[in-house]
$ cat upload-v8.cif   # mmCIF, C-alpha atoms and all ligand atoms
data_my_file
#
loop_
_atom_site.group_PDB
_atom_site.id
_atom_site.type_symbol
_atom_site.label_atom_id
_atom_site.label_comp_id
_atom_site.auth_asym_id
_atom_site.auth_seq_id
_atom_site.Cartn_x
_atom_site.Cartn_y
_atom_site.Cartn_z
ATOM 1 C CA MET A 1 71.507 111.340 133.546
ATOM 2 C CA ASN A 2 71.908 112.039 137.228
ATOM 3 C CA HIS A 3 74.484 114.708 136.823
ATOM 4 C CA HIS A 4 74.177 117.763 134.755
ATOM 5 C CA LEU A 5 77.568 119.030 133.708
ATOM 6 C CA GLN A 6 78.215 122.701 133.506
ATOM 7 C CA SER A 7 80.064 124.144 130.532
ATOM 8 C CA PHE A 8 82.403 127.121 130.523
ATOM 9 C CA THR A 9 83.810 129.725 128.178
ATOM 10 C CA PHE A 10 87.558 129.986 127.847
ATOM 11 C CA ASN A 11 88.932 133.513 127.991
ATOM 12 C CA GLY A 12 92.583 132.793 127.477
ATOM 13 C CA HIS A 13 93.452 131.557 130.918
ATOM 14 C CA ILE A 14 92.464 129.062 133.567
ATOM 15 C CA GLU A 15 90.448 130.554 136.413
ATOM 16 C CA PRO A 16 89.971 129.221 139.949
ATOM 17 C CA VAL A 17 86.417 128.159 139.073
ATOM 18 C CA HIS A 18 87.792 125.894 136.292
ATOM 19 C CA GLN A 19 90.357 124.392 138.665
ATOM 20 C CA ALA A 20 87.704 123.743 141.270
ATOM 21 C CA TYR A 21 85.264 122.178 138.801
ATOM 22 C CA LEU A 22 87.852 119.820 137.352
ATOM 23 C CA LYS A 23 89.057 118.846 140.802
ATOM 24 C CA LYS A 24 85.537 118.008 141.945
ATOM 25 C CA HIS A 25 84.060 116.317 138.867
ATOM 26 C CA GLY A 26 87.155 115.159 136.964
ATOM 27 C CA VAL A 27 85.967 116.865 133.800
ATOM 28 C CA LEU A 28 85.709 120.327 132.285
ATOM 29 C CA HIS A 29 83.854 121.432 129.143
ATOM 30 C CA PHE A 30 84.737 124.625 127.255
ATOM 31 C CA LYS A 31 82.249 125.700 124.585
ATOM 32 C CA ARG A 32 83.672 126.835 121.236
ATOM 33 C CA PHE A 33 87.304 126.727 122.216
ATOM 34 C CA VAL A 34 88.148 127.163 118.527
ATOM 35 C CA SER A 35 86.102 128.640 115.677
ATOM 36 C CA GLN A 36 84.263 126.752 112.963
ATOM 37 C CA SER A 37 86.836 127.824 110.405
ATOM 38 C CA THR A 38 89.642 126.491 112.608
ATOM 39 C CA VAL A 39 87.776 123.192 112.848
ATOM 40 C CA ALA A 40 87.438 123.103 109.064
ATOM 41 C CA GLY A 41 91.166 123.789 108.723
ATOM 42 C CA PHE A 42 92.061 121.010 111.156
ATOM 43 C CA LEU A 43 89.793 118.543 109.354
ATOM 44 C CA ALA A 44 91.411 119.375 106.024
ATOM 45 C CA GLU A 45 94.812 118.926 107.599
ATOM 46 C CA ILE A 46 93.834 115.569 109.107
ATOM 47 C CA GLY A 47 92.596 114.513 105.677
ATOM 48 C CA HIS A 48 96.023 115.235 104.223
ATOM 49 C CA ILE A 49 97.806 113.362 106.994
ATOM 50 C CA GLU A 50 95.513 110.388 106.485
ATOM 51 C CA GLN A 51 96.164 110.293 102.741
ATOM 52 C CA TYR A 52 99.888 110.594 103.376
ATOM 53 C CA LEU A 53 99.897 107.656 105.799
ATOM 54 C CA ILE A 54 97.607 105.470 103.682
ATOM 55 C CA ALA A 55 99.584 106.099 100.502
ATOM 56 C CA ARG A 56 102.740 104.936 102.264
ATOM 57 C CA HIS A 57 101.079 101.968 103.989
ATOM 58 C CA ILE A 58 102.201 103.237 107.352
ATOM 59 C CA THR A 59 100.820 101.049 110.131
ATOM 60 C CA LYS A 60 102.533 102.531 113.176
ATOM 61 C CA VAL A 61 103.875 105.887 114.222
ATOM 62 C CA ASN A 62 106.527 105.832 116.946
ATOM 63 C CA GLY A 63 105.441 102.324 117.878
ATOM 64 C CA ILE A 64 101.747 103.221 118.158
ATOM 65 C CA PRO A 65 99.515 101.268 115.747
ATOM 66 C CA LEU A 66 97.273 103.218 113.416
ATOM 67 C CA LYS A 67 93.767 101.837 113.321
ATOM 68 C CA TYR A 68 92.656 101.264 109.751
ATOM 69 C CA GLY A 69 89.005 100.980 108.774
ATOM 70 C CA THR A 70 86.711 101.557 105.837
ATOM 71 C CA GLY A 71 84.832 104.758 105.094
ATOM 72 C CA VAL A 72 81.298 105.165 103.795
ATOM 73 C CA ASP A 73 82.580 105.077 100.221
ATOM 74 C CA GLY A 74 84.413 101.784 100.784
ATOM 75 C CA ARG A 75 87.834 103.393 100.752
ATOM 76 C CA PRO A 76 90.322 102.912 103.585
ATOM 77 C CA ILE A 77 90.333 105.449 106.383
ATOM 78 C CA ILE A 78 92.419 105.664 109.528
ATOM 79 C CA GLN A 79 90.236 105.639 112.612
ATOM 80 C CA ARG A 80 92.974 106.310 115.101
ATOM 81 C CA ILE A 81 96.053 108.324 114.215
ATOM 82 C CA ALA A 82 98.824 108.869 116.775
ATOM 83 C CA PHE A 83 101.381 111.693 116.801
ATOM 84 C CA ALA A 84 99.340 113.505 114.153
ATOM 85 C CA SER A 85 101.025 116.857 114.818
ATOM 86 C CA LYS A 86 104.312 115.397 113.595
ATOM 87 C CA TYR A 87 102.838 115.434 110.104
ATOM 88 C CA SER A 88 101.294 118.879 110.135
ATOM 89 C CA ASN A 89 102.647 122.331 110.861
ATOM 90 C CA THR A 90 99.115 123.589 111.498
ATOM 91 C CA LEU A 91 98.492 121.011 114.211
ATOM 92 C CA HIS A 92 102.008 121.427 115.557
ATOM 93 C CA ARG A 93 101.361 125.151 115.962
ATOM 94 C CA PHE A 94 98.037 124.493 117.664
ATOM 95 C CA LEU A 95 99.690 122.205 120.216
ATOM 96 C CA ASN A 96 102.226 124.913 120.923
ATOM 97 C CA SER A 97 99.714 127.761 121.014
ATOM 98 C CA GLU A 98 99.226 130.006 124.014
ATOM 99 C CA ALA A 99 95.679 128.793 124.493
ATOM 100 C CA LEU A 100 96.726 125.165 124.858
ATOM 101 C CA GLY A 101 99.715 126.134 126.968
ATOM 102 C CA ALA A 102 97.352 127.907 129.349
ATOM 103 C CA LEU A 103 95.524 124.625 129.964
ATOM 104 C CA THR A 104 98.607 123.074 131.542
ATOM 105 C CA ALA A 105 97.865 125.215 134.629
ATOM 106 C CA LEU A 106 95.055 122.753 135.336
ATOM 107 C CA LEU A 107 97.636 120.198 136.415
ATOM 108 C CA ALA A 108 98.852 122.468 139.258
ATOM 109 C CA PRO A 109 100.505 121.962 141.707
ATOM 110 C CA TYR A 110 102.325 119.791 139.167
ATOM 111 C CA ARG A 111 104.099 121.418 136.291
ATOM 112 C CA GLY A 112 102.099 120.359 133.263
ATOM 113 C CA ARG A 113 103.203 120.193 129.644
ATOM 114 C CA ILE A 114 101.650 119.272 126.301
ATOM 115 C CA GLY A 115 102.830 115.751 125.405
ATOM 116 C CA GLU A 116 103.415 116.279 121.716
ATOM 117 C CA ASP A 117 106.172 113.621 121.547
ATOM 118 C CA GLU A 118 105.125 111.489 124.493
ATOM 119 C CA LYS A 119 102.487 108.825 125.162
ATOM 120 C CA ASP A 120 100.542 108.647 121.863
ATOM 121 C CA GLY A 121 101.096 112.313 121.066
ATOM 122 C CA LEU A 122 98.188 114.052 119.351
ATOM 123 C CA VAL A 123 95.595 111.333 118.737
ATOM 124 C CA VAL A 124 92.840 111.696 116.150
ATOM 125 C CA ASN A 125 89.880 109.393 116.695
ATOM 126 C CA HIS A 126 87.394 108.886 113.878
ATOM 127 C CA TYR A 127 84.233 106.933 114.679
ATOM 128 C CA ILE A 128 81.698 106.053 112.009
ATOM 129 C CA ASN A 129 79.041 103.395 111.541
ATOM 130 C CA SER A 130 79.489 102.107 108.056
ATOM 131 C CA GLY A 131 79.685 98.638 106.596
ATOM 132 C CA ASP A 132 83.285 97.944 107.485
ATOM 133 C CA SER A 133 84.085 100.506 110.112
ATOM 134 C CA SER A 134 86.019 98.815 112.870
ATOM 135 C CA PHE A 135 85.670 101.674 115.302
ATOM 136 C CA THR A 136 82.206 102.704 116.411
ATOM 137 C CA ARG A 137 82.523 102.872 120.191
ATOM 138 C CA LEU A 138 84.910 102.347 123.091
ATOM 139 C CA GLY A 139 84.250 100.414 126.318
ATOM 140 C CA TRP A 140 84.631 101.726 129.870
ATOM 141 C CA HIS A 141 88.176 102.621 130.872
ATOM 142 C CA THR A 142 90.432 105.196 132.446
ATOM 143 C CA ASP A 143 93.521 106.496 130.670
ATOM 144 C CA SER A 144 95.963 106.459 133.601
ATOM 145 C CA PRO A 145 96.962 102.779 133.915
ATOM 146 C CA ARG A 146 98.682 103.047 130.543
ATOM 147 C CA ASP A 147 101.565 104.532 132.519
ATOM 148 C CA LEU A 148 102.068 101.139 134.149
ATOM 149 C CA PHE A 149 102.428 99.456 130.784
ATOM 150 C CA LEU A 150 104.969 102.070 129.852
ATOM 151 C CA GLY A 151 106.990 101.019 132.867
ATOM 152 C CA SER A 152 106.366 103.981 135.120
ATOM 153 C CA ARG A 153 104.148 104.855 138.040
ATOM 154 C CA ILE A 154 100.773 106.410 137.477
ATOM 155 C CA LYS A 155 101.295 110.132 137.245
ATOM 156 C CA PRO A 156 98.764 112.948 137.139
ATOM 157 C CA MET A 157 97.599 113.584 133.599
ATOM 158 C CA LEU A 158 94.762 115.232 131.729
ATOM 159 C CA ASN A 159 93.331 114.272 128.381
ATOM 160 C CA VAL A 160 92.244 117.291 126.374
ATOM 161 C CA GLY A 161 89.742 116.562 123.609
ATOM 162 C CA LEU A 162 89.049 118.972 120.772
ATOM 163 C CA HIS A 163 85.785 117.932 119.161
ATOM 164 C CA LEU A 164 85.593 118.280 115.391
ATOM 165 C CA ASP A 165 81.988 117.222 114.741
ATOM 166 C CA ASP A 166 78.732 118.223 116.394
ATOM 167 C CA CYS A 167 77.639 115.472 118.733
ATOM 168 C CA PRO A 168 74.420 116.071 120.662
ATOM 169 C CA TYR A 169 73.855 113.654 123.546
ATOM 170 C CA GLU A 170 71.450 111.567 121.428
ATOM 171 C CA ASN A 171 74.245 110.896 118.932
ATOM 172 C CA GLY A 172 76.251 108.969 121.508
ATOM 173 C CA GLY A 173 79.816 110.055 122.100
ATOM 174 C CA LEU A 174 81.737 110.585 125.320
ATOM 175 C CA ARG A 175 80.125 109.284 128.514
ATOM 176 C CA ILE A 176 81.772 109.797 131.871
ATOM 177 C CA LEU A 177 81.312 108.899 135.528
ATOM 178 C CA PRO A 178 81.787 112.225 137.328
ATOM 179 C CA GLY A 179 83.949 112.123 140.424
ATOM 180 C CA THR A 180 85.493 108.697 139.774
ATOM 181 C CA HIS A 181 88.954 110.244 139.386
ATOM 182 C CA ASN A 182 89.162 110.747 143.143
ATOM 183 C CA GLN A 183 88.155 107.386 144.521
ATOM 184 C CA GLY A 184 91.428 105.546 144.988
ATOM 185 C CA LEU A 185 93.261 102.692 143.343
ATOM 186 C CA TRP A 186 90.544 100.063 143.736
ATOM 187 C CA THR A 187 88.118 102.171 141.731
ATOM 188 C CA LEU A 188 90.828 103.018 139.222
ATOM 189 C CA PHE A 189 91.558 99.379 138.477
ATOM 190 C CA PHE A 190 88.400 97.460 139.209
ATOM 191 C CA LYS A 191 85.320 99.625 138.918
ATOM 192 C CA LYS A 192 84.525 98.071 135.546
ATOM 193 C CA LYS A 193 86.054 95.567 133.143
ATOM 194 C CA TYR A 194 88.469 97.580 131.057
ATOM 195 C CA PHE A 195 87.287 98.071 127.448
ATOM 196 C CA ILE A 196 85.015 95.009 127.556
ATOM 197 C CA ASP A 197 82.125 96.627 129.386
ATOM 198 C CA HIS A 198 79.938 98.873 127.229
ATOM 199 C CA THR A 199 76.942 98.938 129.578
ATOM 200 C CA PRO A 200 75.519 102.379 130.369
ATOM 201 C CA ASP A 201 75.873 103.275 134.057
ATOM 202 C CA LYS A 202 73.033 104.898 135.987
ATOM 203 C CA ASN A 203 75.446 107.588 137.154
ATOM 204 C CA GLU A 204 77.006 108.313 133.800
ATOM 205 C CA THR A 205 76.563 111.581 132.023
ATOM 206 C CA GLY A 206 77.308 112.894 128.558
ATOM 207 C CA PHE A 207 77.672 116.140 126.701
ATOM 208 C CA SER A 208 76.023 118.261 124.135
ATOM 209 C CA ILE A 209 79.004 118.832 121.893
ATOM 210 C CA GLU A 210 79.404 121.294 119.068
ATOM 211 C CA ALA A 211 82.383 121.158 116.755
ATOM 212 C CA GLY A 212 85.056 123.389 118.269
ATOM 213 C CA ASP A 213 84.215 122.465 121.880
ATOM 214 C CA LEU A 214 86.937 121.242 124.190
ATOM 215 C CA THR A 215 86.621 118.687 126.964
ATOM 216 C CA ILE A 216 89.277 117.962 129.533
ATOM 217 C CA HIS A 217 89.207 114.872 131.707
ATOM 218 C CA ASP A 218 91.423 113.603 134.471
ATOM 219 C CA GLY A 219 93.375 110.496 133.429
ATOM 220 C CA ARG A 220 91.806 108.547 136.290
ATOM 221 C CA LEU A 221 88.200 109.349 135.323
ATOM 222 C CA TRP A 222 86.085 106.431 134.103
ATOM 223 C CA HIS A 223 84.706 107.056 130.619
ATOM 224 C CA ARG A 224 83.543 105.351 127.464
ATOM 225 C CA VAL A 225 82.277 106.213 123.998
ATOM 226 C CA GLN A 226 78.638 105.381 123.260
ATOM 227 C CA GLN A 227 78.021 104.192 119.719
ATOM 228 C CA SER A 228 75.909 106.471 117.550
ATOM 229 C CA PRO A 229 72.407 105.112 116.876
ATOM 230 C CA PHE A 230 72.750 106.412 113.324
ATOM 231 C CA THR A 231 74.665 105.110 110.348
ATOM 232 C CA GLY A 232 76.752 106.803 107.704
ATOM 233 C CA GLU A 233 77.469 110.517 107.742
ATOM 234 C CA LYS A 234 75.246 111.242 110.728
ATOM 235 C CA SER A 235 77.285 108.860 112.879
ATOM 236 C CA ARG A 236 80.629 110.442 112.052
ATOM 237 C CA ARG A 237 82.512 111.673 115.112
ATOM 238 C CA ARG A 238 86.069 112.998 114.992
ATOM 239 C CA VAL A 239 87.916 114.178 118.060
ATOM 240 C CA MET A 240 91.568 115.012 118.684
ATOM 241 C CA TYR A 241 93.132 114.155 122.034
ATOM 242 C CA ILE A 242 96.107 115.941 123.496
ATOM 243 C CA PRO A 243 97.840 114.617 126.628
ATOM 244 C CA VAL A 244 98.765 117.100 129.348
ATOM 245 C CA ILE A 245 101.381 115.381 131.441
ATOM 246 C CA THR A 246 104.054 115.874 134.063
ATOM 247 C CA GLY A 247 107.222 114.142 135.284
ATOM 248 C CA ASN A 248 110.267 113.029 133.337
ATOM 249 C CA TYR A 249 110.328 113.853 129.648
ATOM 250 C CA GLN A 250 109.812 110.525 127.847
ATOM 251 C CA PRO A 251 109.722 111.205 124.119
ATOM 252 C CA LYS A 252 109.070 108.479 121.588
ATOM 253 C CA ASP A 253 110.614 108.022 118.186
ATOM 254 C CA ALA A 254 110.500 105.653 115.246
ATOM 255 C CA ASN A 255 112.332 102.983 117.249
ATOM 256 C CA SER A 256 109.865 102.976 120.135
ATOM 257 C CA THR A 257 108.219 99.628 120.872
ATOM 258 C CA THR A 258 104.469 99.037 120.922
ATOM 259 C CA PRO A 259 103.044 99.253 124.444
ATOM 260 C CA PHE A 260 100.959 96.324 125.629
ATOM 261 C CA TYR A 261 97.854 98.422 126.311
ATOM 262 C CA HIS A 262 97.201 98.666 122.616
ATOM 263 C CA GLN A 263 96.131 95.059 122.676
ATOM 264 C CA LEU A 264 93.743 95.771 125.539
ATOM 265 C CA ALA A 265 92.058 98.633 123.753
ATOM 266 C CA GLY A 266 90.845 96.162 121.149
ATOM 267 C CA ILE A 267 93.001 97.678 118.494
ATOM 268 C CA LYS A 268 93.344 94.335 116.826
ATOM 269 C CA ARG A 269 95.090 93.629 113.605
ATOM 270 C CA SER A 270 92.613 93.570 110.766
ATOM 271 C CA PRO A 271 93.335 91.329 107.758
ATOM 272 C CA LEU A 272 94.097 94.545 105.913
ATOM 273 C CA LEU A 273 96.799 95.338 108.435
ATOM 274 C CA PHE A 274 98.164 91.827 108.277
ATOM 275 C CA LYS A 275 98.836 92.181 104.601
ATOM 276 C CA ARG A 276 100.593 95.396 105.360
ATOM 277 C CA LYS A 277 102.654 93.981 108.168
ATOM 278 C CA GLN A 278 105.757 93.606 106.068
ATOM 279 C CA LYS A 279 105.617 97.319 105.415
ATOM 280 C CA GLN A 280 105.960 98.149 109.058
ATOM 281 C CA GLU A 281 109.711 98.366 108.932
ATOM 282 C CA GLN A 282 109.230 101.270 106.607
ATOM 283 C CA GLN A 283 108.073 103.522 109.373
ATOM 284 C CA ALA A 284 111.379 103.236 111.199
ATOM 285 C CA THR A 285 113.070 105.177 108.463
ATOM 286 C CA LEU A 286 110.241 107.531 107.682
ATOM 287 C CA PRO A 287 111.051 111.147 108.442
ATOM 288 C CA LEU A 288 108.545 112.817 110.721
ATOM 289 C CA LEU A 289 107.211 116.256 109.871
ATOM 290 C CA PRO A 290 107.616 115.890 106.125
ATOM 291 C CA GLU A 291 106.990 118.797 103.804
ATOM 292 C CA LEU A 292 103.374 118.010 103.109
ATOM 293 C CA ASN A 293 102.263 121.323 104.459
ATOM 294 C CA THR A 294 101.471 124.193 102.253
HETATM 295 O O1 LIG B 1 86.666 109.471 121.619
HETATM 296 C C1 LIG B 1 86.610 109.900 122.759
HETATM 297 O O2 LIG B 1 85.982 110.927 123.052
HETATM 298 C C2 LIG B 1 87.318 109.199 123.871
HETATM 299 C C3 LIG B 1 88.464 108.383 123.415
HETATM 300 C C4 LIG B 1 89.160 107.745 124.558
HETATM 301 O O3 LIG B 1 88.665 107.653 125.627
HETATM 302 C C5 LIG B 1 90.521 107.214 124.385
HETATM 303 O O4 LIG B 1 91.006 107.163 123.236
HETATM 304 O O5 LIG B 1 91.130 106.851 125.389
HETATM 305 FE FE FE B 2 90.114 107.288 127.142
#

$ encode --input "upload-v8.cif" --output "structure tokens" --more "lines below"
Ligand SMILES: O=C(O)CCC(=O)C(=O)O
Ligand SMILES: [Fe+2]
Amino acid sequence: MNHHLQSFTFNGHIEPVHQAYLKKHGVLHFKRFVSQSTVAGFLAEIGHIEQYLIARHITKVNGIPLKYGTGVDGRPIIQRIAFASKYSNTLHRFLNSEALGALTALLAPYRGRIGEDEKDGLVVNHYINSGDSSFTRLGWHTDSPRDLFLGSRIKPMLNVGLHLDDCPYENGGLRILPGTHNQGLWTLFFKKKYFIDHTPDKNETGFSIEAGDLTIHDGRLWHRVQQSPFTGEKSRRRVMYIPVITGNYQPKDANSTTPFYHQLAGIKRSPLLFKRKQKQEQQATLPLLPELNT
């Protein structure tokens, strides 16, 4: 690790020092952005959403494929959920909370907003090394070029990650190349082979993450997810991503088509999904924000 990243404490608003750090390094780490009990509540909520989607054989939400896998007990799990806040009042409220709203100031001079209904909405990633897990790591990429596949120009964006499991550096997790958000289009497109390259970089750095921590990275920053060296429970890593975006409002709905970048990200159809393909039409008529909340 060449770079040592600083972490910050969030006191309800974005300060010039946060702005400056993000601008320089392309990343910002807030310790304990939410409490342990909030994390526990979110995890319970995500569990309910997952059961809801599995029980109904939902394979896509608003055109975004859900990534099915197998948990440690052999039962199906969903390793990537999109638009999760559409199924949960708790998560919906979190996305619309003052604390998250305050983060949009980081996109200044652009007017930032929380993309609850845009891009992939609130994404929940669930990595685990178990027999049949299909999601244990993610190759080098930046998040910005997805705009191109959505038919628009690359616009400023931030990806806000709320971490739901402890993940010390030795457990793997998010690895970034500080400063690569500011190095022009060549770097953005060609620095590494998108999603194929998993090789550690001598300039990469990682984090010491506790559940409840928040990381924010510029959409143009190169990053990857290092696989945990452990198996089973110790390898479990759940993180929610919230897009902070600007520009025209481009909401998605049940009729939205699947963007091409989902093929790139290696979110391939598993045999399990194939069997469920005929059920896909179901999602077009499925009401979002059902009454599964207590
Ligand atoms: O899991 C992470 O921390 C990063 C995920 C990521 O980079 C992505 O989904 O684009
Ligand atoms: Fe990413």

$ resolve_selection --input "upload-v8.cif" --expression "the PyMOL selection byres (((chain A and resi 67) around 6) and not hetatm)" --output "tab-separated table (two decimals) with C-alpha atoms, in the frame of the given file"
chain	number	residue	atom	x	y	z
A	66	LEU	CA	97.27	103.22	113.42
A	68	TYR	CA	92.66	101.26	109.75
A	78	ILE	CA	92.42	105.66	109.53
A	79	GLN	CA	90.24	105.64	112.61
A	80	ARG	CA	92.97	106.31	115.10

$ closest_residue --input "upload-v8.cif" --among "A:Leu28, A:Ile176, A:Ala254, A:Val17" --to "ligand FE 2 (chain B)" --atoms "all atoms listed in the file"
A:Ile176

$ residues_near_ligand --input "upload-v8.cif" --ligand "ligand LIG 1 (chain B)" --cutoff "10 Å" --atoms "only C-alpha atoms and all ligand atoms" --output "JSON, numbers by chain"
{"A": [80, 120, 123, 124, 125, 126, 127, 136, 137, 138, 139, 140, 141, 142, 143, 144, 146, 159, 160, 161, 162, 163, 173, 174, 175, 176, 195, 215, 217, 219, 221, 222, 223, 224, 225, 226, 237, 238, 239, 240, 241, 265]}

$ closest_residue --input "upload-v8.cif" --among "A:Phe33, A:Tyr194, A:Phe83, A:Tyr52" --to "ligand FE 2 (chain B)" --atoms "only C-alpha atoms and all ligand atoms"
A:Tyr194

$ closest_atom_pairs --input "upload-v8.cif" --of "region 154-269 of chain A" --to "region 96-115 of chain A" --cutoff "10 Å" --atoms "all atoms listed in the file" --output "JSON lines"
{"residue": "A:Lys155", "atom": "CA", "partner": "A:Tyr110", "partner_atom": "CA", "distance": 9.9}
{"residue": "A:Pro156", "atom": "CA", "partner": "A:Leu107", "partner_atom": "CA", "distance": 7.4}
{"residue": "A:Met157", "atom": "CA", "partner": "A:Leu107", "partner_atom": "CA", "distance": 7.2}
{"residue": "A:Leu158", "atom": "CA", "partner": "A:Leu107", "partner_atom": "CA", "distance": 7.4}
{"residue": "A:Asn159", "atom": "CA", "partner": "A:Ile114", "partner_atom": "CA", "distance": 9.9}
{"residue": "A:Val160", "atom": "CA", "partner": "A:Leu103", "partner_atom": "CA", "distance": 8.8}
{"residue": "A:Ile216", "atom": "CA", "partner": "A:Leu103", "partner_atom": "CA", "distance": 9.1}
{"residue": "A:Asp218", "atom": "CA", "partner": "A:Leu107", "partner_atom": "CA", "distance": 9.3}
{"residue": "A:Ile242", "atom": "CA", "partner": "A:Gly115", "partner_atom": "CA", "distance": 7.0}
{"residue": "A:Pro243", "atom": "CA", "partner": "A:Gly115", "partner_atom": "CA", "distance": 5.3}
{"residue": "A:Val244", "atom": "CA", "partner": "A:Ile114", "partner_atom": "CA", "distance": 4.7}
{"residue": "A:Ile245", "atom": "CA", "partner": "A:Gly112", "partner_atom": "CA", "distance": 5.3}
{"residue": "A:Thr246", "atom": "CA", "partner": "A:Gly112", "partner_atom": "CA", "distance": 5.0}
{"residue": "A:Gly247", "atom": "CA", "partner": "A:Arg111", "partner_atom": "CA", "distance": 8.0}
{"residue": "A:Tyr249", "atom": "CA", "partner": "A:Gly115", "partner_atom": "CA", "distance": 8.8}
{"residue": "A:Gln250", "atom": "CA", "partner": "A:Gly115", "partner_atom": "CA", "distance": 9.1}
{"residue": "A:Pro251", "atom": "CA", "partner": "A:Gly115", "partner_atom": "CA", "distance": 8.4}

$ atom_distance --input "upload-v8.cif" --atom1 "CA of Gly232 (chain A)" --atom2 "CA of Asp197 (chain A)"
24.5 Å

$ atom_distance --input "upload-v8.cif" --atom1 "CA of Lys191 (chain A)" --atom2 "CA of Leu177 (chain A)"
10.7 Å

$ closest_residue --input "upload-v8.cif" --among "A:Ile54, A:Ser208, A:Asp166, A:Pro145" --to "ligand FE 2 (chain B)" --atoms "all atoms listed in the file"
A:Pro145
